[in-house]
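> The structure under discussion is supplied below as structure tokens; questions concerning it will follow.
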Amino acid sequence: MTRARRPSPQTIAVLDALAAKASDWSHGYDLCRMLGLKAGTVYPILMRLADRGLVETAWEEDPPPGRPPRHLYRLSAAGAEHVRGLPRPEAAASRRAGRSGVAGRLAIGRELPGAGT
Amino acid sequence: MSAGRAGWRTAAVAVGAALAVLGAWALVVRAGLAADDEPGIPPTEVLVGALFFGWPHALAAATAVVAAARTAVGADGPARLLALATGGRRDEWGTAMRAELASITVSRRERRRFAAACVPTALRRGAGRSPWITATLCGVLFAALTLATSRASLDGGRAGSLWAVIYGPPQLTLLAVGFVAAWTGRSMRAGLRHAGAALVGILVGVLVAAVPEGAHWAREAGVFMLDGDAPSTPITAAAGARDAFTATLTWGLVHWLPWPVLGAAAGARLRRRSAPVAAPAG
């Protein structure tokens with residue numbers, strides 16, 4: 001049985017970034033850049049979310065010649081439900097943004113043209 | 001670099017590593033013989049001593065070089081680093097991180113940053129709790145063995161008991177644990193994880209039992225627990241405990257170190273020979 005515990009701000013940021021792309025796939029490196037987080041933070045989060053069935057993974061189908069297929073991520077139906085159920089009062093969200101800057105970067109990342117492609 | 005040239009370079013580095021380790025052992029043996037106040041140390045004696053004590057270390061060093069060269073394959077430093085950290089495994093996340101690195105072409109610095117950030121995750125991935133179970137089992141086993149042989153020897157000939165516990169049984173245990181874990185886990189990394197944990201467990205187990213027993217031997221028999229040696233002057237309990245501690249580190253730990261590598265390498269190699277891993281699609 002999975003332990004129910006409060007997700008970290010970084011986990012929430014990853015979930016929000018994936019939720020913002022709806023059914024589109026994201027890449028690990030692009031998530032790192034968009035959120036301003038290191039790969040050593042983002043990958044363990046993606047692994048845990050995938051293990052819990054909140055994130056779906058797939059492999060790029062037609063990679064350019066000479067490059068291996070990239071790993072792709074998007075929220076599963078359960079993940080989307082989980083994101084909707086996250087407690088996030090506006091005040092708490094702004095406090096988190098002020099403290100870690102993750103939510104702020106996420107907001108900026110969402111506005112970047114071509115971000116996450 | 002062609003495969004043949006890379007192979008020769010790896011072989012040269014492996015031989016160099018083995019010779020460097022044997023050279024270090026020669027210095028240790030020479031220092032040990034010099035401390036015995038023997039006039040004129042024959043070089044052949046130093047060489048034989050270095051080979052006798054140092055061959056497992058030399059073999060492990062060469063094996064480690066070959067295994068690292070075999071695993072760390074990539075276009076540049078960051079790619080090789082990540083390949084080494086992920087163990088060249090075909091598992092989903094190791095492959096994902098390597099593929100992501102391959103897509104980063106912004107700058108070499110960015111590639112280095114990404115690879116370095118992935119290394120701790122790659123090393124932790126898949127470890128689970130089982131190595132700690134191995135460590136605990138080995139620790140309990142060797143603590144019990146140290147205590148049982150100590151009391152049996154104290155009640156018997158009082159010829160010392162620690163030597164028989166720390167020189168031989170741990171090496172065989174580490175070789176076996178490394179071999180079995182690499183065989184069942186189908187990788188040298190799995191063998192190293194379990195045998196490394198076993199080494200820590202054995203060390204803690206022996207020390208926990210040997211240090212108080214060393215003091216007990218000094219009080220009860222007035223001799224060292226290692227080999228029953230009676231010093232010219234009476235020894236204190238603290239000296240007995242200290243001797244057991246030092247002996248466990250020098251005659252124990254130093255001689256245990258190569259065996260996890262040798263066991264893991266042998267297990268992984270034989271497994272590869274018996275059941276080659278299928279090439280991944282794509």
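Chains: A, B, ... in order of the structure tokens. Residues: from 1 per chain. Ligands: from 1, in order shown.
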Determine which residues of chain B sit within 10 Å of chain A, taking into account only C-alpha atoms, and present them as a PDB file with C-alpha atoms, in the first residue's frame.


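The result, stored in iface-v1.pdb:
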ATOM      1  CA  GLU B  92      14.250   1.867 -18.350  1.00  0.00           C
ATOM      2  CA  TRP B  93      15.577   4.749 -16.264  1.00  0.00           C
ATOM      3  CA  THR B  95      18.507   4.192 -20.662  1.00  0.00           C
ATOM      4  CA  ALA B  96      16.214   7.222 -20.275  1.00  0.00           C
ATOM      5  CA  MET B  97      18.910   9.341 -18.638  1.00  0.00           C
ATOM      6  CA  ARG B  98      21.526   8.323 -21.193  1.00  0.00           C
ATOM      7  CA  ALA B  99      19.136   9.060 -24.074  1.00  0.00           C
ATOM      8  CA  GLU B 100      18.278  12.441 -22.585  1.00  0.00           C
ATOM      9  CA  LEU B 101      21.961  13.289 -22.293  1.00  0.00           C
ATOM     10  CA  ALA B 102      22.404  12.344 -25.950  1.00  0.00           C
ATOM     11  CA  SER B 103      19.784  14.935 -26.872  1.00  0.00           C
ATOM     12  CA  ILE B 104      21.567  17.764 -25.032  1.00  0.00           C
ATOM     13  CA  ARG B 113      25.955  19.345 -15.396  1.00  0.00           C
ATOM     14  CA  PHE B 114      23.170  17.031 -16.496  1.00  0.00           C
ATOM     15  CA  ALA B 115      25.334  13.899 -16.281  1.00  0.00           C
ATOM     16  CA  ALA B 116      26.729  14.846 -12.865  1.00  0.00           C
ATOM     17  CA  ALA B 117      23.230  15.532 -11.531  1.00  0.00           C
ATOM     18  CA  CYS B 118      22.014  12.135 -12.766  1.00  0.00           C
ATOM     19  CA  VAL B 119      24.881  10.157 -11.185  1.00  0.00           C
ATOM     20  CA  PRO B 120      23.518   9.916  -7.587  1.00  0.00           C
ATOM     21  CA  THR B 121      20.083   8.931  -8.888  1.00  0.00           C
ATOM     22  CA  ALA B 122      21.590   6.317 -11.183  1.00  0.00           C
ATOM     23  CA  ARG B 124      20.790   4.663  -5.957  1.00  0.00           C
ATOM     24  CA  ARG B 125      18.311   3.269  -8.459  1.00  0.00           C
ATOM     25  CA  GLY B 282      15.915   0.421 -31.011  1.00  0.00           C
TER      26      GLY B 282
END

> Compile the contact shell of Arg52 (chain A) as a list in words: residues with an atom at most 10 Å away, counting only C-alpha atoms, same-chain residues fewer than 4 positions apart removed.

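Skipping anything fewer than 4 positions along the chain leaves Thr2, Leu46, Met47, Arg48, Glu56, Ala78 and Gly79 of chain A.
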
> Among region 6-89 of chain A, which residues does DSSP mark as strand (DSSP E) when it is run on the backbone? Keep the chain and numbering as in the structure and answer as a ChimeraX atom specification.

/A:26-27,55-59,71-75

> I'd like the contact shell of Arg30 (chain B) - 12 Å cut-off, only C-alpha atoms, skipping same-chain residues fewer than 3 positions apart - returned as a ChimeraX atom specification.

/B:23-27,33-50

> Can you tell me which residues surround region 186-195 of chain B at a distance of at most 7 Å, considering only C-alpha atoms, apart from same-chain residues fewer than 3 positions away, and format the answer as a list of chain:residue names?

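Skipping anything fewer than 3 positions along the chain leaves B:Gly87, B:Pro131, B:Thr134, B:Leu174, B:Val177, B:Gly178, B:Phe179, B:Ala181, B:Ala182, B:Trp183, B:Ala198, B:Leu199, B:Pro260, B:Val261, B:Ala264, B:Ala265, B:Ala268, B:Arg271.
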
> Write down as a ChimeraX atom specification the residues belonging to region 37-149 of chain B that are assigned helix (DSSP H, G or I) by DSSP computed on the backbone.

/B:43-71,77-85,92-103,108-124,130-149

> Env of Leu249 (chain B): 10 Å cut, atoms = only C-alpha atoms, seq-sep filter 6 positions within chain, self excluded. Answer as a VMD selection string.

chain B and resid 166 203 207 243 255 to 256

> Could you turn the residues from that selection into a file that holds C-alpha atoms, as an mmCIF file, in the first residue's frame?


data_model
loop_
_atom_site.group_PDB
_atom_site.id
_atom_site.type_symbol
_atom_site.label_atom_id
_atom_site.label_comp_id
_atom_site.auth_asym_id
_atom_site.auth_seq_id
_atom_site.Cartn_x
_atom_site.Cartn_y
_atom_site.Cartn_z
ATOM 1 C CA ILE B 166 39.385 -12.675 10.216
ATOM 2 C CA LEU B 203 33.552 -5.506 9.809
ATOM 3 C CA LEU B 207 34.582 -5.421 15.816
ATOM 4 C CA ASP B 243 45.137 -5.016 19.546
ATOM 5 C CA HIS B 255 42.769 -8.212 3.051
ATOM 6 C CA TRP B 256 38.995 -8.333 2.559
#

> Between B:Gly201, B:Gly196, B:Gly139, B:Pro212, which residue has the minimum interatomic distance to Ala244 (chain B), considering only C-alpha atoms?

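Of all the options, B:Pro212 lies closest to Ala244 (chain B).
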
> Of the residues B:Thr250, B:Ser161, B:Thr105, B:Ser130, which is the one nearest to Leu145 (chain B), using only C-alpha atoms?

B:Ser161

> What does the distance between CA of Arg269 (chain B) and CA of Gly185 (chain B) come to in Å, to one decimal place?

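Going from CA of Arg269 (chain B) over to CA of Gly185 (chain B) covers 12.0 Å.
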
> For region 74-77 of chain A, work out the shell of residues within 9 Å, counting only C-alpha atoms and skipping chain neighbours fewer than 6 positions away, then give it as number ranges by chain.

A: 15, 18-19, 21-26, 53-58

> Can you work out the spacing between CA of Val180 (chain B) and CA of Gly267 (chain B) in Å, to one decimal?

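Pair CA of Val180 (chain B) / CA of Gly267 (chain B) returns 6.4 Å.
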
> Can you work out which one of B:Arg219, B:Arg70, B:His57, B:Arg108 has the shortest atom-to-atom distance to Ala17 (chain B), counting only C-alpha atoms?

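Answer, going by the shortest atom-to-atom distance: B:His57.
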
> Just the number, please: distance in Å from CA of Ala12 (chain B) to CA of Leu82 (chain B), one decimal.

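Between CA of Ala12 (chain B) and CA of Leu82 (chain B) the gap is 23.7 Å.
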